[in-house]
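**Q** Sharing start_20.cif, mmCIF, C-alpha atoms and all ligand atoms:
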data_entry
loop_
_atom_site.group_PDB
_atom_site.id
_atom_site.type_symbol
_atom_site.label_atom_id
_atom_site.label_comp_id
_atom_site.auth_asym_id
_atom_site.auth_seq_id
_atom_site.Cartn_x
_atom_site.Cartn_y
_atom_site.Cartn_z
ATOM 1 C CA MET X 27 5.240 163.706 119.377
ATOM 2 C CA LEU X 28 6.644 162.768 122.743
ATOM 3 C CA ASP X 29 4.906 163.785 125.931
ATOM 4 C CA SER X 30 6.972 166.535 127.598
ATOM 5 C CA LYS X 31 7.533 164.578 130.823
ATOM 6 C CA VAL X 32 8.608 161.459 128.898
ATOM 7 C CA ALA X 33 10.940 163.577 126.728
ATOM 8 C CA GLU X 34 12.445 165.197 129.829
ATOM 9 C CA LEU X 35 13.098 161.831 131.461
ATOM 10 C CA LEU X 36 14.608 160.417 128.257
ATOM 11 C CA ASN X 37 16.896 163.440 128.007
ATOM 12 C CA ASN X 38 17.875 163.082 131.652
ATOM 13 C CA GLN X 39 18.770 159.453 131.028
ATOM 14 C CA ILE X 40 21.422 160.534 128.487
ATOM 15 C CA ASN X 41 23.262 162.289 131.297
ATOM 16 C CA LYS X 42 22.857 159.280 133.609
ATOM 17 C CA GLU X 43 24.294 156.915 130.989
ATOM 18 C CA PHE X 44 27.282 159.183 130.308
ATOM 19 C CA TYR X 45 27.774 159.469 134.058
ATOM 20 C CA SER X 46 27.735 155.649 134.251
ATOM 21 C CA ALA X 47 30.497 155.555 131.626
ATOM 22 C CA TYR X 48 32.506 158.038 133.674
ATOM 23 C CA PHE X 49 31.824 156.094 136.873
ATOM 24 C CA TYR X 50 33.053 152.823 135.345
ATOM 25 C CA LEU X 51 36.103 154.435 133.743
ATOM 26 C CA ASP X 52 36.998 155.733 137.181
ATOM 27 C CA MET X 53 36.889 152.128 138.423
ATOM 28 C CA ALA X 54 38.962 151.030 135.401
ATOM 29 C CA ASN X 55 41.552 153.658 136.364
ATOM 30 C CA TYR X 56 41.599 152.422 139.947
ATOM 31 C CA TYR X 57 42.201 148.799 138.921
ATOM 32 C CA GLU X 58 44.774 149.862 136.324
ATOM 33 C CA GLU X 59 46.709 151.716 139.014
ATOM 34 C CA GLN X 60 46.535 148.659 141.261
ATOM 35 C CA GLY X 61 47.933 146.404 138.504
ATOM 36 C CA LEU X 62 44.704 144.456 137.967
ATOM 37 C CA LEU X 63 44.606 144.890 134.206
ATOM 38 C CA GLY X 64 41.859 142.325 133.623
ATOM 39 C CA PHE X 65 39.491 144.158 135.976
ATOM 40 C CA SER X 66 40.481 147.421 134.313
ATOM 41 C CA SER X 67 39.737 146.030 130.869
ATOM 42 C CA TRP X 68 36.359 144.692 132.050
ATOM 43 C CA TYR X 69 35.385 148.132 133.347
ATOM 44 C CA LYS X 70 36.571 149.891 130.189
ATOM 45 C CA ILE X 71 34.214 147.668 128.208
ATOM 46 C CA GLN X 72 31.455 148.386 130.712
ATOM 47 C CA ALA X 73 32.051 152.112 130.149
ATOM 48 C CA GLN X 74 31.843 151.613 126.374
ATOM 49 C CA GLU X 75 28.460 149.913 126.805
ATOM 50 C CA GLU X 76 27.249 152.879 128.840
ATOM 51 C CA ARG X 77 28.279 155.293 126.086
ATOM 52 C CA ASP X 78 26.329 153.088 123.680
ATOM 53 C CA HIS X 79 23.287 153.390 125.939
ATOM 54 C CA ALA X 80 23.625 157.176 125.967
ATOM 55 C CA MET X 81 23.797 157.220 122.152
ATOM 56 C CA LEU X 82 20.665 155.068 121.917
ATOM 57 C CA PHE X 83 18.753 157.574 124.061
ATOM 58 C CA ILE X 84 20.071 160.443 121.913
ATOM 59 C CA ASP X 85 19.030 158.689 118.703
ATOM 60 C CA TYR X 86 15.620 157.765 120.082
ATOM 61 C CA LEU X 87 14.887 161.314 121.232
ATOM 62 C CA GLN X 88 16.003 162.807 117.938
ATOM 63 C CA ASN X 89 14.086 160.267 115.853
ATOM 64 C CA ASN X 90 10.925 161.146 117.736
ATOM 65 C CA GLY X 91 11.006 164.930 117.556
ATOM 66 C CA GLY X 92 12.667 165.438 120.932
ATOM 67 C CA LYS X 93 15.427 167.889 121.685
ATOM 68 C CA VAL X 94 18.701 166.835 123.288
ATOM 69 C CA LYS X 95 19.989 169.068 126.031
ATOM 70 C CA PHE X 96 23.262 168.079 127.674
ATOM 71 C CA GLU X 97 23.776 168.702 131.365
ATOM 72 C CA THR X 98 27.014 168.712 133.358
ATOM 73 C CA ILE X 99 28.344 165.236 134.074
ATOM 74 C CA GLU X 100 29.099 164.760 137.749
ATOM 75 C CA ALA X 101 32.611 163.622 138.741
ATOM 76 C CA PRO X 102 32.668 160.136 140.296
ATOM 77 C CA ALA X 103 35.198 161.201 142.973
ATOM 78 C CA LYS X 104 35.505 157.752 144.468
ATOM 79 C CA ASP X 105 38.299 156.649 146.705
ATOM 80 C CA TYR X 106 38.121 152.875 146.913
ATOM 81 C CA LYS X 107 39.172 151.138 150.101
ATOM 82 C CA ASN X 108 39.690 147.690 148.589
ATOM 83 C CA PHE X 109 39.220 145.650 145.378
ATOM 84 C CA LEU X 110 35.725 144.550 146.359
ATOM 85 C CA GLU X 111 34.278 148.023 146.863
ATOM 86 C CA PRO X 112 33.932 149.000 143.166
ATOM 87 C CA LEU X 113 32.141 145.694 142.515
ATOM 88 C CA GLU X 114 29.653 146.416 145.282
ATOM 89 C CA GLU X 115 29.225 150.006 144.100
ATOM 90 C CA THR X 116 28.506 148.667 140.631
ATOM 91 C CA LEU X 117 25.570 146.605 141.860
ATOM 92 C CA VAL X 118 24.156 149.535 143.842
ATOM 93 C CA HIS X 119 24.533 151.786 140.793
ATOM 94 C CA GLU X 120 22.908 149.327 138.400
ATOM 95 C CA ARG X 121 19.931 148.939 140.739
ATOM 96 C CA TYR X 122 19.606 152.723 140.702
ATOM 97 C CA VAL X 123 19.746 152.791 136.888
ATOM 98 C CA THR X 124 17.063 150.099 136.796
ATOM 99 C CA SER X 125 14.852 152.341 138.937
ATOM 100 C CA LEU X 126 15.417 155.230 136.497
ATOM 101 C CA ILE X 127 14.439 153.085 133.506
ATOM 102 C CA HIS X 128 11.320 151.959 135.370
ATOM 103 C CA THR X 129 10.407 155.574 136.096
ATOM 104 C CA ILE X 130 10.583 156.452 132.387
ATOM 105 C CA TYR X 131 8.587 153.324 131.563
ATOM 106 C CA ASP X 132 5.953 154.313 134.094
ATOM 107 C CA ALA X 133 5.673 157.820 132.592
ATOM 108 C CA ALA X 134 5.363 156.364 129.075
ATOM 109 C CA TYR X 135 2.744 153.881 130.266
ATOM 110 C CA SER X 136 0.664 156.614 131.882
ATOM 111 C CA VAL X 137 0.313 158.468 128.543
ATOM 112 C CA LYS X 138 -0.044 155.289 126.432
ATOM 113 C CA ASP X 139 3.263 155.953 124.689
ATOM 114 C CA PHE X 140 3.657 152.413 123.380
ATOM 115 C CA ARG X 141 6.597 153.250 121.134
ATOM 116 C CA THR X 142 8.701 154.471 124.057
ATOM 117 C CA MET X 143 7.648 151.452 126.102
ATOM 118 C CA GLN X 144 8.820 149.187 123.292
ATOM 119 C CA PHE X 145 12.137 151.069 123.079
ATOM 120 C CA LEU X 146 12.591 150.733 126.847
ATOM 121 C CA ASP X 147 11.849 146.995 126.830
ATOM 122 C CA TRP X 148 15.426 146.379 125.672
ATOM 123 C CA PHE X 149 16.761 148.403 128.615
ATOM 124 C CA VAL X 150 14.532 146.601 131.104
ATOM 125 C CA LYS X 151 16.075 143.305 129.973
ATOM 126 C CA GLU X 152 19.586 144.800 129.825
ATOM 127 C CA GLN X 153 19.280 146.032 133.412
ATOM 128 C CA GLY X 154 18.340 142.535 134.555
ATOM 129 C CA GLU X 155 21.541 141.255 132.939
ATOM 130 C CA GLU X 156 23.674 144.061 134.360
ATOM 131 C CA GLU X 157 22.420 143.466 137.876
ATOM 132 C CA LYS X 158 23.051 139.733 137.559
ATOM 133 C CA ASN X 159 26.578 140.255 136.170
ATOM 134 C CA SER X 160 27.430 142.600 139.049
ATOM 135 C CA ASP X 161 26.019 140.214 141.615
ATOM 136 C CA ASP X 162 27.926 137.260 140.075
ATOM 137 C CA LEU X 163 31.162 139.256 140.186
ATOM 138 C CA ILE X 164 30.739 140.039 143.872
ATOM 139 C CA LYS X 165 30.084 136.368 144.646
ATOM 140 C CA LYS X 166 33.121 135.262 142.620
ATOM 141 C CA PHE X 167 35.345 137.824 144.277
ATOM 142 C CA LYS X 168 34.213 136.729 147.738
ATOM 143 C CA LEU X 169 34.913 133.096 146.843
ATOM 144 C CA PHE X 170 38.225 133.452 145.002
ATOM 145 C CA GLY X 171 39.554 136.996 145.417
ATOM 146 C CA SER X 172 41.070 136.787 148.872
ATOM 147 C CA ASP X 173 44.280 134.937 147.960
ATOM 148 C CA SER X 174 46.766 135.999 145.329
ATOM 149 C CA LYS X 175 46.401 132.916 143.090
ATOM 150 C CA GLY X 176 42.630 133.228 143.058
ATOM 151 C CA LEU X 177 42.860 136.944 142.370
ATOM 152 C CA TYR X 178 45.283 136.330 139.510
ATOM 153 C CA SER X 179 42.895 133.804 137.909
ATOM 154 C CA LEU X 180 39.935 136.098 138.370
ATOM 155 C CA ASP X 181 41.828 139.022 136.853
ATOM 156 C CA SER X 182 42.773 136.850 133.861
ATOM 157 C CA GLU X 183 39.132 135.793 133.434
ATOM 158 C CA MET X 184 37.921 139.395 133.631
ATOM 159 C CA GLY X 185 40.415 140.286 130.909
ATOM 160 C CA LEU X 186 38.679 137.893 128.508
ATOM 161 C CA ARG X 187 35.546 140.018 128.305
ATOM 162 C CA VAL X 188 34.931 141.148 124.730
ATOM 163 C CA TYR X 189 33.025 144.258 123.727
ATOM 164 C CA THR X 190 29.833 143.656 121.777
ATOM 165 C CA ALA X 191 27.741 146.422 120.308
ATOM 166 C CA PRO X 192 24.143 146.650 121.578
ATOM 167 C CA SER X 193 21.607 144.463 119.811
ATOM 168 C CA LEU X 194 19.116 147.353 119.762
ATOM 169 C CA THR X 195 18.811 149.694 116.814
ATOM 170 C CA VAL X 196 16.730 152.840 116.963
HETATM 171 FE FE1 LIG O 201 23.276 151.767 131.052
HETATM 172 FE FE2 LIG O 201 24.659 149.887 133.223
HETATM 173 O O1 LIG O 201 23.109 150.653 132.485
#
Show me the file's structure as structure tokens.
Ligand code: FEO

**A**
Amino acid sequence: MLDSKVAELLNNQINKEFYSAYFYLDMANYYEEQGLLGFSSWYKIQAQEERDHAMLFIDYLQNNGGKVKFETIEAPAKDYKNFLEPLEETLVHERYVTSLIHTIYDAAYSVKDFRTMQFLDWFVKEQGEEEKNSDDLIKKFKLFGSDSKGLYSLDSEMGLRVYTAPSLTV
């Protein structure tokens, strides 16, 4: 049986992951409208990964006697000033998500909930990768994104990203 605080935080994370999907689809829409189809494709895949994360939290809660309660998903409502801004917002957002995962981990640790800690280990590693990917993208954009040829190449490279299902099973 899950501790009530741990269960509450796990349930809350479902909403955060669906919000992340929404947030990244909003960025995909922005790039699509700007004609950067590679960036748009990259963010659509990012959104798919976030939906996968939400489903993993749902499955984990349900497999451990928890109850899923959906909350309203906030609208992203972003109005981007330039092509770099979504990339920078992505890094800020991923750092925030990392802090949320750490908060759940901390709650699980405090009640010796080793099973939840083990489940969260995958997310701790995933967040490290997501932060690095976001940071790499910002650096690349700053190096190559300011002229049209560089931007074209970067957009083509972004379009090569392939969706892979999460390696975690619950
Ligand atoms: Fe579900 Fe981007 O973390």

**Q** Applying 12 Å and all atoms listed in the file, which residues near stretch 119-124 of chain X remain after dropping the ones on its own chain fewer than 5 positions away? List them as a PyMOL selection string.

**A** chain X and resi 38-47+49-50+72+76+79+102+112-114+129-131+146-161

**Q** Choose the residue, out of X:Phe65, X:Phe140, X:Phe83, X:Tyr57, that has the smallest atom-to-atom separation from X:Asp181; count all atoms listed in the file.

**A** X:Phe65

**Q** Using atom CA of X:Tyr69 and atom CA of X:Leu51 as the two end points, give the distance in Å to one decimal.

**A**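 Computed distance, atom CA of X:Tyr69 to atom CA of X:Leu51, equals 6.4 Å.
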
**Q** Show me the residues close to (7.6, 165.2, 122.4) - anything with an atom within 10 Å, counting all atoms listed in the file - and format the list as JSON, numbers by chain.

**A** {"X": [27, 28, 29, 30, 31, 32, 33, 34, 87, 88, 90, 91, 92, 93]}

**Q** Okay, now the selection with C-alpha atoms, as a PDB file, in the coordinates of the input?

**A**
ATOM      1  CA  MET X  27       5.240 163.706 119.377  1.00  0.00           C
ATOM      2  CA  LEU X  28       6.644 162.768 122.743  1.00  0.00           C
ATOM      3  CA  ASP X  29       4.906 163.785 125.931  1.00  0.00           C
ATOM      4  CA  SER X  30       6.972 166.535 127.598  1.00  0.00           C
ATOM      5  CA  LYS X  31       7.533 164.578 130.823  1.00  0.00           C
ATOM      6  CA  VAL X  32       8.608 161.459 128.898  1.00  0.00           C
ATOM      7  CA  ALA X  33      10.940 163.577 126.728  1.00  0.00           C
ATOM      8  CA  GLU X  34      12.445 165.197 129.829  1.00  0.00           C
ATOM      9  CA  LEU X  87      14.887 161.314 121.232  1.00  0.00           C
ATOM     10  CA  GLN X  88      16.003 162.807 117.938  1.00  0.00           C
ATOM     11  CA  ASN X  90      10.925 161.146 117.736  1.00  0.00           C
ATOM     12  CA  GLY X  91      11.006 164.930 117.556  1.00  0.00           C
ATOM     13  CA  GLY X  92      12.667 165.438 120.932  1.00  0.00           C
ATOM     14  CA  LYS X  93      15.427 167.889 121.685  1.00  0.00           C
TER      15      LYS X  93
END

**Q** Between atom CA of X:Val196 and atom CA of X:Thr116, measure the distance and give it in Å to one decimal.

**A** 26.8 Å

**Q** Find the distance between atom CA of X:Leu110 and atom CA of X:Gly64 and write it in Å to one decimal.

**A**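 Answer for the atom CA of X:Leu110 to atom CA of X:Gly64 separation: 14.3 Å.
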
**Q** I want to know what sits within 12 Å of X:Ala191, based on all atoms listed in the file, with residues of the same chain fewer than 6 positions away left out; could you give that as a PyMOL selection string?

**A** chain X and resi 71-72+74-79+81-82

**Q** Print the selection's residues with C-alpha atoms to a file, as a PDB file, keeping the file's coordinate frame.

**A**
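As a result, part-v6.pdb now contains:
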ATOM      1  CA  ILE X  71      34.214 147.668 128.208  1.00  0.00           C
ATOM      2  CA  GLN X  72      31.455 148.386 130.712  1.00  0.00           C
ATOM      3  CA  GLN X  74      31.843 151.613 126.374  1.00  0.00           C
ATOM      4  CA  GLU X  75      28.460 149.913 126.805  1.00  0.00           C
ATOM      5  CA  GLU X  76      27.249 152.879 128.840  1.00  0.00           C
ATOM      6  CA  ARG X  77      28.279 155.293 126.086  1.00  0.00           C
ATOM      7  CA  ASP X  78      26.329 153.088 123.680  1.00  0.00           C
ATOM      8  CA  HIS X  79      23.287 153.390 125.939  1.00  0.00           C
ATOM      9  CA  MET X  81      23.797 157.220 122.152  1.00  0.00           C
ATOM     10  CA  LEU X  82      20.665 155.068 121.917  1.00  0.00           C
TER      11      LEU X  82
END

**Q** Taking (38.1, 134.1, 140.2) in the file's own coordinates, collect the residues within 6 Å, counting only C-alpha atoms, and hand them back as a PyMOL selection string.

**A** chain X and resi 166+170+176-177+179-180

**Q** Nearest residue to X:Tyr48 out of X:Lys104, X:Gly61, X:Leu36, X:Met143, using only C-alpha atoms?

**A**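 Among the listed residues, the smallest separation from X:Tyr48 belongs to X:Lys104.
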
**Q** Which is closer to ligand LIG 201 (chain O) than all the others in X:Met53, X:Ile99, X:Ala80, X:Ala134, using only C-alpha atoms and all ligand atoms?

**A**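 Smallest distance to ligand LIG 201 (chain O) is found for X:Ala80.
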